[in-house]
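Next comes run-v9.cif, with mmCIF, N, CA and C atoms.
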```
data_protein
loop_
_atom_site.group_PDB
_atom_site.id
_atom_site.type_symbol
_atom_site.label_atom_id
_atom_site.label_comp_id
_atom_site.auth_asym_id
_atom_site.auth_seq_id
_atom_site.Cartn_x
_atom_site.Cartn_y
_atom_site.Cartn_z
ATOM 1 N N MET O 1 8.727 2.790 -11.529
ATOM 2 C CA MET O 1 9.197 1.607 -10.856
ATOM 3 C C MET O 1 7.983 0.805 -10.411
ATOM 4 N N THR O 2 8.051 -0.493 -10.579
ATOM 5 C CA THR O 2 6.997 -1.388 -10.119
ATOM 6 C C THR O 2 7.460 -2.064 -8.835
ATOM 7 N N ILE O 3 6.599 -2.019 -7.822
ATOM 8 C CA ILE O 3 6.880 -2.640 -6.536
ATOM 9 C C ILE O 3 5.937 -3.826 -6.386
ATOM 10 N N GLU O 4 6.478 -4.988 -6.102
ATOM 11 C CA GLU O 4 5.670 -6.160 -5.787
ATOM 12 C C GLU O 4 6.020 -6.575 -4.371
ATOM 13 N N TYR O 5 5.012 -6.676 -3.533
ATOM 14 C CA TYR O 5 5.231 -6.917 -2.105
ATOM 15 C C TYR O 5 4.276 -7.999 -1.628
ATOM 16 N N THR O 6 4.783 -8.921 -0.831
ATOM 17 C CA THR O 6 3.955 -9.955 -0.218
ATOM 18 C C THR O 6 3.643 -9.528 1.211
ATOM 19 N N PRO O 7 2.393 -9.123 1.472
ATOM 20 C CA PRO O 7 2.024 -8.658 2.813
ATOM 21 C C PRO O 7 2.006 -9.796 3.825
ATOM 22 N N ARG O 8 2.175 -9.424 5.087
ATOM 23 C CA ARG O 8 2.164 -10.400 6.183
ATOM 24 C C ARG O 8 1.127 -9.982 7.215
ATOM 25 N N GLY O 9 0.377 -10.969 7.710
ATOM 26 C CA GLY O 9 -0.569 -10.712 8.790
ATOM 27 C C GLY O 9 -1.895 -10.113 8.366
ATOM 28 N N VAL O 10 -2.168 -10.105 7.052
ATOM 29 C CA VAL O 10 -3.423 -9.540 6.544
ATOM 30 C C VAL O 10 -4.038 -10.493 5.521
ATOM 31 N N CYS O 11 -5.235 -10.178 5.085
ATOM 32 C CA CYS O 11 -5.948 -11.039 4.135
ATOM 33 C C CYS O 11 -5.414 -10.929 2.710
ATOM 34 N N SER O 12 -4.934 -9.758 2.321
ATOM 35 C CA SER O 12 -4.426 -9.625 0.956
ATOM 36 C C SER O 12 -3.147 -10.441 0.799
ATOM 37 N N ARG O 13 -2.967 -10.975 -0.402
ATOM 38 C CA ARG O 13 -1.837 -11.870 -0.667
ATOM 39 C C ARG O 13 -0.697 -11.202 -1.421
ATOM 40 N N LYS O 14 -0.997 -10.062 -2.069
ATOM 41 C CA LYS O 14 0.023 -9.376 -2.863
ATOM 42 C C LYS O 14 -0.374 -7.922 -3.034
ATOM 43 N N ILE O 15 0.632 -7.046 -3.034
ATOM 44 C CA ILE O 15 0.422 -5.629 -3.327
ATOM 45 C C ILE O 15 1.364 -5.272 -4.468
ATOM 46 N N THR O 16 0.795 -4.702 -5.527
ATOM 47 C CA THR O 16 1.584 -4.227 -6.657
ATOM 48 C C THR O 16 1.356 -2.726 -6.769
ATOM 49 N N ALA O 17 2.450 -1.965 -6.768
ATOM 50 C CA ALA O 17 2.339 -0.508 -6.839
ATOM 51 C C ALA O 17 3.251 0.019 -7.943
ATOM 52 N N GLU O 18 2.769 1.024 -8.638
ATOM 53 C CA GLU O 18 3.567 1.739 -9.634
ATOM 54 C C GLU O 18 3.892 3.105 -9.054
ATOM 55 N N VAL O 19 5.178 3.438 -9.021
ATOM 56 C CA VAL O 19 5.630 4.723 -8.492
ATOM 57 C C VAL O 19 6.503 5.385 -9.548
ATOM 58 N N GLU O 20 6.246 6.683 -9.775
ATOM 59 C CA GLU O 20 7.031 7.433 -10.748
ATOM 60 C C GLU O 20 7.373 8.794 -10.156
ATOM 61 N N ASP O 21 8.652 9.106 -10.120
ATOM 62 C CA ASP O 21 9.127 10.391 -9.583
ATOM 63 C C ASP O 21 8.601 10.661 -8.178
ATOM 64 N N GLY O 22 8.554 9.615 -7.344
ATOM 65 C CA GLY O 22 8.135 9.772 -5.960
ATOM 66 C C GLY O 22 6.637 9.903 -5.752
ATOM 67 N N VAL O 23 5.853 9.636 -6.814
ATOM 68 C CA VAL O 23 4.390 9.751 -6.753
ATOM 69 C C VAL O 23 3.768 8.398 -7.081
ATOM 70 N N VAL O 24 2.758 8.009 -6.301
ATOM 71 C CA VAL O 24 2.053 6.747 -6.535
ATOM 72 C C VAL O 24 1.157 6.903 -7.762
ATOM 73 N N LYS O 25 1.378 6.046 -8.744
ATOM 74 C CA LYS O 25 0.568 6.076 -9.966
ATOM 75 C C LYS O 25 -0.587 5.085 -9.890
ATOM 76 N N SER O 26 -0.356 3.925 -9.243
ATOM 77 C CA SER O 26 -1.419 2.937 -9.084
ATOM 78 C C SER O 26 -1.038 1.948 -7.995
ATOM 79 N N VAL O 27 -2.073 1.347 -7.402
ATOM 80 C CA VAL O 27 -1.880 0.289 -6.412
ATOM 81 C C VAL O 27 -2.945 -0.770 -6.673
ATOM 82 N N ILE O 28 -2.518 -2.036 -6.690
ATOM 83 C CA ILE O 28 -3.442 -3.155 -6.846
ATOM 84 C C ILE O 28 -3.193 -4.139 -5.713
ATOM 85 N N PHE O 29 -4.246 -4.442 -4.960
ATOM 86 C CA PHE O 29 -4.186 -5.460 -3.922
ATOM 87 C C PHE O 29 -4.779 -6.741 -4.490
ATOM 88 N N THR O 30 -4.121 -7.859 -4.271
ATOM 89 C CA THR O 30 -4.666 -9.161 -4.633
ATOM 90 C C THR O 30 -5.168 -9.789 -3.342
ATOM 91 N N GLY O 31 -6.469 -10.051 -3.291
ATOM 92 C CA GLY O 31 -7.078 -10.569 -2.071
ATOM 93 C C GLY O 31 -7.419 -9.416 -1.135
ATOM 94 N N GLY O 32 -7.877 -9.774 0.037
ATOM 95 C CA GLY O 32 -8.275 -8.750 1.005
ATOM 96 C C GLY O 32 -9.714 -8.323 0.807
ATOM 97 N N CYS O 33 -10.131 -7.328 1.534
ATOM 98 C CA CYS O 33 -11.498 -6.790 1.458
ATOM 99 C C CYS O 33 -11.589 -5.899 0.234
ATOM 100 N N ASN O 34 -12.242 -6.387 -0.797
ATOM 101 C CA ASN O 34 -12.232 -5.741 -2.103
ATOM 102 C C ASN O 34 -12.605 -4.267 -2.068
ATOM 103 N N GLY O 35 -13.666 -3.914 -1.399
ATOM 104 C CA GLY O 35 -14.081 -2.509 -1.357
ATOM 105 C C GLY O 35 -13.062 -1.630 -0.659
ATOM 106 N N ASN O 36 -12.542 -2.119 0.464
ATOM 107 C CA ASN O 36 -11.555 -1.336 1.212
ATOM 108 C C ASN O 36 -10.260 -1.162 0.432
ATOM 109 N N THR O 37 -9.786 -2.232 -0.181
ATOM 110 C CA THR O 37 -8.520 -2.122 -0.905
ATOM 111 C C THR O 37 -8.665 -1.266 -2.166
ATOM 112 N N GLN O 38 -9.829 -1.313 -2.808
ATOM 113 C CA GLN O 38 -10.069 -0.423 -3.949
ATOM 114 C C GLN O 38 -10.086 1.030 -3.489
ATOM 115 N N GLY O 39 -10.717 1.269 -2.333
ATOM 116 C CA GLY O 39 -10.774 2.623 -1.787
ATOM 117 C C GLY O 39 -9.388 3.154 -1.470
ATOM 118 N N ILE O 40 -8.571 2.334 -0.821
ATOM 119 C CA ILE O 40 -7.200 2.739 -0.505
ATOM 120 C C ILE O 40 -6.451 3.062 -1.796
ATOM 121 N N SER O 41 -6.574 2.189 -2.779
ATOM 122 C CA SER O 41 -5.877 2.377 -4.054
ATOM 123 C C SER O 41 -6.254 3.698 -4.712
ATOM 124 N N ARG O 42 -7.522 4.019 -4.699
ATOM 125 C CA ARG O 42 -7.980 5.271 -5.319
ATOM 126 C C ARG O 42 -7.552 6.498 -4.525
ATOM 127 N N LEU O 43 -7.561 6.378 -3.209
ATOM 128 C CA LEU O 43 -7.185 7.518 -2.370
ATOM 129 C C LEU O 43 -5.711 7.880 -2.481
ATOM 130 N N VAL O 44 -4.845 6.883 -2.626
ATOM 131 C CA VAL O 44 -3.406 7.175 -2.657
ATOM 132 C C VAL O 44 -2.886 7.515 -4.047
ATOM 133 N N LYS O 45 -3.672 7.265 -5.076
ATOM 134 C CA LYS O 45 -3.244 7.582 -6.441
ATOM 135 C C LYS O 45 -2.965 9.076 -6.550
ATOM 136 N N GLY O 46 -1.768 9.409 -7.022
ATOM 137 C CA GLY O 46 -1.371 10.804 -7.182
ATOM 138 C C GLY O 46 -0.699 11.407 -5.959
ATOM 139 N N MET O 47 -0.644 10.654 -4.860
ATOM 140 C CA MET O 47 -0.003 11.161 -3.643
ATOM 141 C C MET O 47 1.495 10.897 -3.671
ATOM 142 N N LYS O 48 2.240 11.743 -2.971
ATOM 143 C CA LYS O 48 3.666 11.505 -2.793
ATOM 144 C C LYS O 48 3.843 10.277 -1.905
ATOM 145 N N VAL O 49 4.849 9.478 -2.210
ATOM 146 C CA VAL O 49 5.116 8.245 -1.470
ATOM 147 C C VAL O 49 5.273 8.541 0.022
ATOM 148 N N GLU O 50 6.014 9.582 0.370
ATOM 149 C CA GLU O 50 6.249 9.920 1.772
ATOM 150 C C GLU O 50 4.937 10.238 2.501
ATOM 151 N N ASP O 51 4.004 10.895 1.806
ATOM 152 C CA ASP O 51 2.711 11.230 2.409
ATOM 153 C C ASP O 51 1.876 9.971 2.646
ATOM 154 N N VAL O 52 1.915 9.048 1.701
ATOM 155 C CA VAL O 52 1.186 7.784 1.861
ATOM 156 C C VAL O 52 1.728 7.037 3.075
ATOM 157 N N ILE O 53 3.046 6.959 3.180
ATOM 158 C CA ILE O 53 3.662 6.255 4.297
ATOM 159 C C ILE O 53 3.258 6.892 5.620
ATOM 160 N N SER O 54 3.352 8.213 5.711
ATOM 161 C CA SER O 54 3.052 8.881 6.985
ATOM 162 C C SER O 54 1.586 8.739 7.388
ATOM 163 N N ARG O 55 0.690 8.656 6.421
ATOM 164 C CA ARG O 55 -0.738 8.540 6.736
ATOM 165 C C ARG O 55 -1.179 7.111 7.049
ATOM 166 N N LEU O 56 -0.555 6.137 6.405
ATOM 167 C CA LEU O 56 -1.039 4.758 6.523
ATOM 168 C C LEU O 56 -0.227 3.872 7.455
ATOM 169 N N GLU O 57 0.983 4.273 7.775
ATOM 170 C CA GLU O 57 1.834 3.472 8.643
ATOM 171 C C GLU O 57 1.187 3.296 10.013
ATOM 172 N N ASN O 58 1.216 2.077 10.523
ATOM 173 C CA ASN O 58 0.703 1.710 11.851
ATOM 174 C C ASN O 58 -0.818 1.679 11.970
ATOM 175 N N VAL O 59 -1.548 1.699 10.855
ATOM 176 C CA VAL O 59 -2.994 1.494 10.904
ATOM 177 C C VAL O 59 -3.224 0.027 11.278
ATOM 178 N N ASP O 60 -4.079 -0.212 12.263
ATOM 179 C CA ASP O 60 -4.318 -1.560 12.777
ATOM 180 C C ASP O 60 -5.673 -2.093 12.314
ATOM 181 N N CYS O 61 -5.736 -3.376 12.015
ATOM 182 C CA CYS O 61 -6.982 -4.030 11.624
ATOM 183 C C CYS O 61 -7.308 -5.124 12.638
ATOM 184 N N GLY O 62 -8.301 -4.888 13.456
ATOM 185 C CA GLY O 62 -8.791 -5.912 14.381
ATOM 186 C C GLY O 62 -7.771 -6.434 15.369
ATOM 187 N N GLY O 63 -6.852 -5.601 15.803
ATOM 188 C CA GLY O 63 -5.861 -6.017 16.786
ATOM 189 C C GLY O 63 -4.730 -6.868 16.234
ATOM 190 N N ARG O 64 -4.588 -6.900 14.919
ATOM 191 C CA ARG O 64 -3.535 -7.711 14.290
ATOM 192 C C ARG O 64 -2.152 -7.058 14.385
ATOM 193 N N GLY O 65 -2.136 -5.764 14.687
ATOM 194 C CA GLY O 65 -0.871 -5.046 14.713
ATOM 195 C C GLY O 65 -0.457 -4.545 13.341
ATOM 196 N N THR O 66 -1.265 -4.809 12.342
ATOM 197 C CA THR O 66 -1.020 -4.345 10.979
ATOM 198 C C THR O 66 -2.355 -4.304 10.242
ATOM 199 N N SER O 67 -2.316 -3.923 8.986
ATOM 200 C CA SER O 67 -3.513 -3.852 8.139
ATOM 201 C C SER O 67 -3.046 -3.756 6.696
ATOM 202 N N CYS O 68 -3.976 -3.818 5.764
ATOM 203 C CA CYS O 68 -3.608 -3.628 4.356
ATOM 204 C C CYS O 68 -2.993 -2.247 4.126
ATOM 205 N N PRO O 69 -3.573 -1.162 4.695
ATOM 206 C CA PRO O 69 -2.914 0.139 4.532
ATOM 207 C C PRO O 69 -1.501 0.161 5.125
ATOM 208 N N ASP O 70 -1.324 -0.438 6.299
ATOM 209 C CA ASP O 70 0.001 -0.490 6.924
ATOM 210 C C ASP O 70 0.965 -1.290 6.065
ATOM 211 N N GLN O 71 0.510 -2.379 5.479
ATOM 212 C CA GLN O 71 1.369 -3.191 4.621
ATOM 213 C C GLN O 71 1.757 -2.421 3.354
ATOM 214 N N LEU O 72 0.843 -1.613 2.820
ATOM 215 C CA LEU O 72 1.190 -0.761 1.673
ATOM 216 C C LEU O 72 2.283 0.228 2.086
ATOM 217 N N ALA O 73 2.155 0.813 3.258
ATOM 218 C CA ALA O 73 3.190 1.735 3.750
ATOM 219 C C ALA O 73 4.532 1.011 3.867
ATOM 220 N N LYS O 74 4.518 -0.216 4.368
ATOM 221 C CA LYS O 74 5.749 -0.993 4.491
ATOM 222 C C LYS O 74 6.355 -1.284 3.109
ATOM 223 N N ALA O 75 5.513 -1.612 2.146
ATOM 224 C CA ALA O 75 5.993 -1.888 0.796
ATOM 225 C C ALA O 75 6.657 -0.652 0.199
ATOM 226 N N LEU O 76 6.024 0.487 0.353
ATOM 227 C CA LEU O 76 6.575 1.730 -0.189
ATOM 228 C C LEU O 76 7.856 2.122 0.529
ATOM 229 N N LYS O 77 7.859 1.947 1.839
ATOM 230 C CA LYS O 77 9.045 2.285 2.639
ATOM 231 C C LYS O 77 10.223 1.411 2.228
ATOM 232 N N GLN O 78 9.973 0.135 2.027
ATOM 233 C CA GLN O 78 11.018 -0.799 1.614
ATOM 234 C C GLN O 78 11.585 -0.399 0.248
ATOM 235 N N ALA O 79 10.725 0.111 -0.630
ATOM 236 C CA ALA O 79 11.160 0.498 -1.981
ATOM 237 C C ALA O 79 12.007 1.768 -1.964
ATOM 238 N N LEU O 80 11.831 2.601 -0.946
ATOM 239 C CA LEU O 80 12.644 3.821 -0.855
ATOM 240 C C LEU O 80 14.053 3.420 -0.555
#
```
Could you render the structure as structure tokens?
Amino acid sequence: MTIEYTPRGVCSRKITAEVEDGVVKSVIFTGGCNGNTQGISRLVKGMKVEDVISRLENVDCGGRGTSCPDQLAKALKQAL
């Protein structure tokens, strides 16, 4: 399944994730801090969706109340 999500409150403009059998196959952030979003994408590859959500949900960036990792968790949660 391909998930396309428009994040809110962060620098990235789009999150595209591929999920198969409850496992994250790939994540691509459009915009945002390139090194950080690449790192997040590589770290979550191969993880169970539920584990990604539990680890990244509520991560805050600079007092914004959200972050790119938190927005990825929201995208995955919405897809469940």
Please identify all polymer residues within 8 Å of O:Lys45, counting all atoms listed in the file, omitting same-chain residues fewer than 5 positions from it, and present them as a ChimeraX atom specification.
/O:23-27,39-40
Export of the given selection (N, CA and C atoms) as a CSV table (one decimal), in the coordinates of the input:
```csv
chain,number,residue,atom,x,y,z
O,23,VAL,N,5.9,9.6,-6.8
O,23,VAL,CA,4.4,9.8,-6.8
O,23,VAL,C,3.8,8.4,-7.1
O,24,VAL,N,2.8,8.0,-6.3
O,24,VAL,CA,2.1,6.7,-6.5
O,24,VAL,C,1.2,6.9,-7.8
O,25,LYS,N,1.4,6.0,-8.7
O,25,LYS,CA,0.6,6.1,-10.0
O,25,LYS,C,-0.6,5.1,-9.9
O,26,SER,N,-0.4,3.9,-9.2
O,26,SER,CA,-1.4,2.9,-9.1
O,26,SER,C,-1.0,1.9,-8.0
O,27,VAL,N,-2.1,1.3,-7.4
O,27,VAL,CA,-1.9,0.3,-6.4
O,27,VAL,C,-2.9,-0.8,-6.7
O,39,GLY,N,-10.7,1.3,-2.3
O,39,GLY,CA,-10.8,2.6,-1.8
O,39,GLY,C,-9.4,3.2,-1.5
O,40,ILE,N,-8.6,2.3,-0.8
O,40,ILE,CA,-7.2,2.7,-0.5
O,40,ILE,C,-6.5,3.1,-1.8
```
For this structure, which residues satisfy the selection - the PyMOL selection byres (((chain O and resi 57 and name CA) around 12) and name CA) - when it is evaluated on the file as given? I want them as a list in words.
Val49, Glu50, Asp51, Val52, Ile53, Ser54, Arg55, Leu56, Asn58, Val59, Asp60, Cys61, Gly65, Thr66, Ser67, Cys68, Pro69, Asp70, Gln71, Leu72, Ala73, Lys74, Ala75, Leu76 and Lys77 of chain O
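Taking atom CA of O:Arg64 and atom CA of O:Arg13 as endpoints, the distance between them is 15.6 Å.
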Contacts of O:Lys14 at 9 Å (only C-alpha atoms; same-chain gap of 3+ positions) as a list in words:
Glu4, Tyr5, Thr6, Pro7, Ile28, Phe29, Thr30 and Gly31 of chain O
So, with only C-alpha atoms as the atoms that count, which of O:Gly32, O:Glu18, O:Val10, O:Gly63 lies closest to O:Val44?
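Of O:Gly32, O:Glu18, O:Val10, O:Gly63, the one nearest O:Val44, counting only C-alpha atoms, is O:Glu18.
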One number please: atom CA of O:Ile15 to atom CA of O:Arg42, in Å, one decimal.
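One can read the atom CA of O:Ile15 to atom CA of O:Arg42 distance as 13.9 Å.
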Backbone DSSP call of strand (DSSP E or B) for chain O, listed as a PyMOL selection string
chain O and resi 2-5+12-20+23-31+48
Report, in Å to a single decimal, how far apart atom CA of O:Arg8 and atom CA of O:Asp21 are.
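Taking atom CA of O:Asp21 as the start and atom CA of O:Arg8 as the end point, the length is 27.0 Å.
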So that all listed atoms of stretch 65-72 of chain O fit with 8 Å spare on each side, what axis-aligned box centre and edge lengths in Å, to one decimal, would you give as lines of an AutoDock Vina configuration file?
```
center_x = -0.8
center_y = -2.8
center_z = 8.2
size_x = 22.3
size_y = 22.0
size_z = 29.0
```
